[in-house]
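Here is the file coords_33.cif (mmCIF, C-alpha atoms, pLDDT in the B column; chains and numbers go by the auth columns).
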```
data_run
loop_
_atom_site.group_PDB
_atom_site.id
_atom_site.type_symbol
_atom_site.label_atom_id
_atom_site.label_comp_id
_atom_site.label_asym_id
_atom_site.label_seq_id
_atom_site.Cartn_x
_atom_site.Cartn_y
_atom_site.Cartn_z
_atom_site.B_iso_or_equiv
_atom_site.auth_seq_id
_atom_site.auth_asym_id
ATOM 1 C CA MET A 1 -39.409 59.484 3.609 50.00 6 A
ATOM 2 C CA TRP A 2 -36.359 57.612 2.341 56.00 7 A
ATOM 3 C CA THR A 3 -36.634 54.079 1.085 55.00 8 A
ATOM 4 C CA THR A 4 -33.961 51.426 0.709 56.00 9 A
ATOM 5 C CA GLU A 5 -35.745 49.868 -2.260 63.00 10 A
ATOM 6 C CA ALA A 6 -33.932 50.362 -5.559 59.00 11 A
ATOM 7 C CA PRO A 7 -36.040 51.880 -8.343 65.00 12 A
ATOM 8 C CA PRO A 8 -37.366 49.478 -10.974 76.00 13 A
ATOM 9 C CA ILE A 9 -35.289 49.058 -14.099 81.00 14 A
ATOM 10 C CA PRO A 10 -37.089 50.145 -17.262 80.00 15 A
ATOM 11 C CA ILE A 11 -37.002 47.218 -19.678 81.00 16 A
ATOM 12 C CA PHE A 12 -38.266 47.898 -23.191 83.00 17 A
ATOM 13 C CA GLU A 13 -40.228 45.483 -25.396 82.00 18 A
ATOM 14 C CA GLU A 14 -37.304 44.409 -27.564 84.00 19 A
ATOM 15 C CA GLU A 15 -35.183 43.581 -24.494 84.00 20 A
ATOM 16 C CA ASP A 16 -35.151 40.458 -22.362 88.00 21 A
ATOM 17 C CA GLU A 17 -34.498 41.148 -18.681 88.00 22 A
ATOM 18 C CA GLU A 18 -33.464 37.544 -17.996 90.00 23 A
ATOM 19 C CA GLU A 19 -30.855 37.749 -20.767 91.00 24 A
ATOM 20 C CA LEU A 20 -29.489 40.993 -19.291 91.00 25 A
ATOM 21 C CA ILE A 21 -29.269 39.375 -15.851 91.00 26 A
ATOM 22 C CA THR A 22 -27.534 36.337 -17.370 91.00 27 A
ATOM 23 C CA GLN A 23 -24.935 38.640 -18.934 92.00 28 A
ATOM 24 C CA PHE A 24 -24.510 40.410 -15.593 93.00 29 A
ATOM 25 C CA VAL A 25 -23.942 37.066 -13.853 91.00 30 A
ATOM 26 C CA LYS A 26 -21.445 35.957 -16.491 91.00 31 A
ATOM 27 C CA TYR A 27 -19.400 39.161 -16.497 92.00 32 A
ATOM 28 C CA SER A 28 -19.495 39.454 -12.698 91.00 33 A
ATOM 29 C CA ALA A 29 -18.102 35.929 -12.439 88.00 34 A
ATOM 30 C CA LEU A 30 -15.427 36.482 -15.088 90.00 35 A
ATOM 31 C CA TYR A 31 -14.362 39.945 -13.877 90.00 36 A
ATOM 32 C CA PRO A 32 -14.728 40.055 -10.074 88.00 37 A
ATOM 33 C CA ASP A 33 -12.449 43.110 -9.814 91.00 38 A
ATOM 34 C CA GLN A 34 -14.888 45.282 -11.838 91.00 39 A
ATOM 35 C CA THR A 35 -17.656 47.252 -10.138 93.00 40 A
ATOM 36 C CA GLU A 36 -21.307 46.407 -10.702 93.00 41 A
ATOM 37 C CA PHE A 37 -21.810 49.774 -12.400 93.00 42 A
ATOM 38 C CA ALA A 38 -18.941 49.114 -14.845 95.00 43 A
ATOM 39 C CA ILE A 39 -20.388 45.708 -15.730 94.00 44 A
ATOM 40 C CA CYS A 40 -23.903 47.116 -16.180 93.00 45 A
ATOM 41 C CA SER A 41 -22.529 50.015 -18.249 93.00 46 A
ATOM 42 C CA TYR A 42 -20.964 47.469 -20.580 94.00 47 A
ATOM 43 C CA ILE A 43 -24.180 45.428 -20.796 93.00 48 A
ATOM 44 C CA PHE A 44 -26.386 48.477 -21.480 92.00 49 A
ATOM 45 C CA ARG A 45 -23.886 50.246 -23.802 91.00 50 A
ATOM 46 C CA ASP A 46 -25.863 49.695 -27.036 89.00 51 A
ATOM 47 C CA LEU A 47 -29.343 50.013 -25.525 89.00 52 A
ATOM 48 C CA ARG A 48 -31.528 53.059 -24.934 86.00 53 A
ATOM 49 C CA ASP A 49 -30.560 55.380 -22.054 86.00 54 A
ATOM 50 C CA PRO A 50 -27.553 53.282 -21.015 87.00 55 A
ATOM 51 C CA THR A 51 -26.120 55.321 -18.116 89.00 56 A
ATOM 52 C CA LEU A 52 -29.282 55.763 -16.056 89.00 57 A
ATOM 53 C CA ARG A 53 -30.444 52.196 -16.609 90.00 58 A
ATOM 54 C CA ALA A 54 -26.979 50.797 -15.854 91.00 59 A
ATOM 55 C CA GLY A 55 -26.991 52.583 -12.505 91.00 60 A
ATOM 56 C CA GLN A 56 -30.446 51.299 -11.632 90.00 61 A
ATOM 57 C CA ALA A 57 -29.540 47.758 -12.662 91.00 62 A
ATOM 58 C CA ALA A 58 -26.308 47.835 -10.667 91.00 63 A
ATOM 59 C CA MET A 59 -28.146 49.038 -7.535 91.00 64 A
ATOM 60 C CA ARG A 60 -30.834 46.369 -7.822 91.00 65 A
ATOM 61 C CA TRP A 61 -28.833 43.374 -9.059 90.00 66 A
ATOM 62 C CA LYS A 62 -25.868 43.693 -6.683 88.00 67 A
ATOM 63 C CA ASN A 63 -28.162 43.207 -3.660 86.00 68 A
ATOM 64 C CA ASP A 64 -30.438 40.502 -5.083 87.00 69 A
ATOM 65 C CA LEU A 65 -29.732 37.262 -3.208 86.00 70 A
ATOM 66 C CA GLY A 66 -30.779 35.060 -6.137 86.00 71 A
ATOM 67 C CA ILE A 67 -28.419 36.862 -8.486 89.00 72 A
ATOM 68 C CA MET A 68 -25.625 36.760 -5.909 89.00 73 A
ATOM 69 C CA GLU A 69 -26.052 32.980 -5.658 84.00 74 A
ATOM 70 C CA ARG A 70 -25.991 32.654 -9.453 87.00 75 A
ATOM 71 C CA ILE A 71 -22.735 34.663 -9.524 88.00 76 A
ATOM 72 C CA ARG A 72 -21.236 32.380 -6.868 83.00 77 A
ATOM 73 C CA LEU A 73 -22.148 29.278 -8.880 81.00 78 A
ATOM 74 C CA ALA A 74 -20.886 30.876 -12.092 83.00 79 A
ATOM 75 C CA ARG A 75 -17.517 31.625 -10.472 82.00 80 A
ATOM 76 C CA ALA A 76 -17.256 27.975 -9.462 75.00 81 A
ATOM 77 C CA ASN A 77 -18.032 26.888 -13.051 73.00 82 A
ATOM 78 C CA GLY A 78 -15.670 29.193 -14.943 70.00 83 A
ATOM 79 C CA GLY A 79 -18.160 31.961 -15.703 68.00 84 A
ATOM 80 C CA GLU A 80 -21.144 29.904 -16.780 69.00 85 A
ATOM 81 C CA TYR A 81 -24.123 29.607 -14.485 66.00 86 A
ATOM 82 C CA ILE A 82 -25.161 25.971 -14.292 66.00 87 A
ATOM 83 C CA LYS A 83 -28.215 25.355 -12.179 66.00 88 A
ATOM 84 C CA GLU A 84 -27.604 22.673 -9.591 65.00 89 A
ATOM 85 C CA LYS A 85 -29.744 19.607 -10.062 70.00 90 A
ATOM 86 C CA LEU A 86 -31.547 18.394 -7.000 76.00 91 A
ATOM 87 C CA THR A 87 -30.651 14.978 -5.679 82.00 92 A
ATOM 88 C CA LYS A 88 -32.813 12.883 -3.390 85.00 93 A
ATOM 89 C CA GLU A 89 -30.702 13.845 -0.392 84.00 94 A
ATOM 90 C CA VAL A 90 -30.854 17.582 -1.156 79.00 95 A
ATOM 91 C CA LEU A 91 -34.603 17.350 -1.721 84.00 96 A
ATOM 92 C CA GLN A 92 -35.095 15.544 1.591 85.00 97 A
ATOM 93 C CA ALA A 93 -33.046 18.220 3.353 82.00 98 A
ATOM 94 C CA LYS A 94 -35.140 20.980 1.741 81.00 99 A
ATOM 95 C CA ILE A 95 -38.387 19.302 2.815 85.00 100 A
ATOM 96 C CA LEU A 96 -37.100 18.914 6.376 85.00 101 A
ATOM 97 C CA ALA A 97 -35.913 22.525 6.473 82.00 102 A
ATOM 98 C CA THR A 98 -39.298 23.679 5.190 84.00 103 A
ATOM 99 C CA THR A 99 -41.211 21.773 7.861 87.00 104 A
ATOM 100 C CA GLU A 100 -38.993 23.149 10.622 86.00 105 A
ATOM 101 C CA ASP A 101 -38.922 26.782 9.406 81.00 106 A
ATOM 102 C CA PRO A 102 -40.756 28.892 12.020 82.00 107 A
ATOM 103 C CA LEU A 103 -41.066 31.891 9.685 79.00 108 A
ATOM 104 C CA LEU A 104 -43.324 30.076 7.199 79.00 109 A
ATOM 105 C CA THR A 105 -47.066 29.814 7.638 87.00 110 A
ATOM 106 C CA PRO A 106 -48.663 26.367 7.375 89.00 111 A
ATOM 107 C CA GLN A 107 -50.072 27.308 3.949 91.00 112 A
ATOM 108 C CA GLU A 108 -46.618 28.338 2.671 86.00 113 A
ATOM 109 C CA LYS A 109 -45.141 25.100 3.988 88.00 114 A
ATOM 110 C CA LYS A 110 -47.849 23.065 2.236 90.00 115 A
ATOM 111 C CA VAL A 111 -47.284 24.849 -1.079 88.00 116 A
ATOM 112 C CA ARG A 112 -43.518 24.354 -0.947 84.00 117 A
ATOM 113 C CA ILE A 113 -43.763 20.701 0.033 89.00 118 A
ATOM 114 C CA ASP A 114 -46.333 20.081 -2.718 90.00 119 A
ATOM 115 C CA GLY A 115 -43.844 21.582 -5.164 87.00 120 A
ATOM 116 C CA TYR A 116 -41.075 19.334 -3.886 86.00 121 A
ATOM 117 C CA VAL A 117 -43.325 16.274 -4.141 88.00 122 A
ATOM 118 C CA ALA A 118 -44.283 17.216 -7.713 87.00 123 A
ATOM 119 C CA TYR A 119 -40.582 17.534 -8.563 85.00 124 A
ATOM 120 C CA ALA A 120 -39.874 14.127 -7.011 86.00 125 A
ATOM 121 C CA GLN A 121 -42.734 12.544 -8.973 86.00 126 A
ATOM 122 C CA ASN A 122 -41.429 14.145 -12.169 84.00 127 A
ATOM 123 C CA GLU A 123 -37.985 12.665 -11.498 83.00 128 A
ATOM 124 C CA GLY A 124 -39.523 9.232 -10.838 83.00 129 A
ATOM 125 C CA TRP A 125 -38.477 9.090 -7.193 83.00 130 A
ATOM 126 C CA VAL A 126 -42.051 8.867 -5.908 78.00 131 A
ATOM 127 C CA VAL A 127 -44.615 6.652 -7.542 72.00 132 A
ATOM 128 C CA LYS A 128 -48.163 7.597 -6.765 68.00 133 A
ATOM 129 C CA SER A 129 -50.439 5.132 -8.444 61.00 134 A
ATOM 130 C CA ILE A 130 -53.243 3.117 -6.971 58.00 135 A
ATOM 131 C CA GLU A 131 -54.842 0.634 -9.250 58.00 136 A
ATOM 132 C CA LYS A 132 -58.537 1.142 -9.651 57.00 137 A
ATOM 133 C CA LYS A 133 -59.033 -2.583 -9.431 56.00 138 A
ATOM 134 C CA THR A 134 -57.733 -2.591 -5.863 54.00 139 A
ATOM 135 C CA LEU A 135 -60.103 0.190 -4.852 53.00 140 A
ATOM 136 C CA ASP A 136 -63.077 -1.590 -6.434 54.00 141 A
ATOM 137 C CA GLN A 137 -62.320 -4.778 -4.561 57.00 142 A
ATOM 138 C CA THR A 138 -62.149 -3.057 -1.193 59.00 143 A
ATOM 139 C CA ARG A 139 -65.436 -1.217 -1.669 63.00 144 A
ATOM 140 C CA ARG A 140 -67.525 -4.210 -2.706 66.00 145 A
ATOM 141 C CA PHE A 141 -69.879 -5.921 -0.353 68.00 146 A
ATOM 142 C CA PRO A 142 -69.283 -9.612 0.224 68.00 147 A
ATOM 143 C CA LYS A 143 -71.242 -11.909 -2.034 72.00 148 A
ATOM 144 C CA ILE A 144 -73.879 -14.013 -0.281 74.00 149 A
ATOM 145 C CA ILE A 145 -75.001 -17.134 -2.075 72.00 150 A
ATOM 146 C CA PHE A 146 -78.247 -18.817 -0.993 72.00 151 A
ATOM 147 C CA ALA A 147 -78.622 -22.488 -1.685 71.00 152 A
ATOM 148 C CA ARG A 148 -81.129 -25.071 -0.622 73.00 153 A
ATOM 149 C CA ASP A 149 -79.925 -28.132 1.129 71.00 154 A
ATOM 150 C CA SER A 150 -81.545 -31.190 -0.357 74.00 155 A
ATOM 151 C CA ASP A 151 -81.482 -33.121 2.965 74.00 156 A
ATOM 152 C CA ASN A 152 -83.463 -30.487 4.909 68.00 157 A
ATOM 153 C CA VAL A 153 -86.311 -29.874 2.539 58.00 158 A
#
```
Would you mind giving the structure from this file in structure tokens?
Amino acid sequence: MWTTEAPPIPIFEEEDEEELITQFVKYSALYPDQTEFAICSYIFRDLRDPTLRAGQAAMRWKNDLGIMERIRLARANGGEYIKEKLTKEVLQAKILATTEDPLLTPQEKKVRIDGYVAYAQNEGWVVKSIEKKTLDQTRRFPKIIFARDSDNV
């Protein structure tokens, strides 16, 4: 049976796959008229088994949506991929889109939103602190003081 899945790219111990992908993104942004195979052939030229691995990398990386988005951003920034920083408005839109996404299970939605909340807390947009003193005061029983009235002895 045929599969549409590209074969995995063999990456050896002395190589860094993320660095190879970064080079692919950079060269794809700088040279949009070149084919993916030509770019991968250039990247893998000094590595072991360059032709076979370049073909596998070109097949896998050209269809990867994350890599395609990085190439788009790199083209907008002159060849360098600069990760967009989330703003409050973008984060709010992502949270809303996550809650309304019918394809996500409730557990997946919870995990994503927890991640967004953690990011917001890290940026200082959400402050989650309850003073212990406030909790102690609300949990205490009222004090009752007994005293004897000297007139009614």
Report, in Å to a single decimal, how far apart atom CA of A:Lys90 and atom CA of A:Asp21 are.
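Computed distance, atom CA of A:Asp21 to atom CA of A:Lys90, equals 24.8 Å.
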Got a sec to resolve the PyMOL selection byres ((chain A and resi 109-125) around 12) on this structure and send the residues as an MDAnalysis selection string?
chainID A and resid 90:108 126:133
Written as a ChimeraX atom specification, what is the full residue list that the PyMOL selection byres ((chain A and resi 26) around 12) yields on the file shown?
/A:14,16,20-25,27-33,41,44-45,48-49,59,62-63,65-67,69,71-73,75-76,86
Atomic distance atom CA of A:Ala79 - atom CA of A:Glu19, expressed in Å with one decimal:
26.3 Å
In Å to one decimal, how far is atom CA of A:Phe42 from atom CA of A:Asn82?
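Straight-line distance from atom CA of A:Asn82 to atom CA of A:Phe42 works out to 23.2 Å.
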Can you tell me, as lines of an AutoDock Vina configuration file, the centre and edge lengths (Å, one decimal) of the axis-aligned box enclosing all of stretch 18-37 of chain A's listed atoms after padding each side by 4 Å?
```
center_x = -27.3
center_y = 40.7
center_z = -18.8
size_x = 33.9
size_y = 17.6
size_z = 25.5
```
If you count only C-alpha atoms, the residue of A:Arg53, A:Pro13, A:Asp156, A:Arg80 closest to A:Pro37 turns out to be A:Arg80
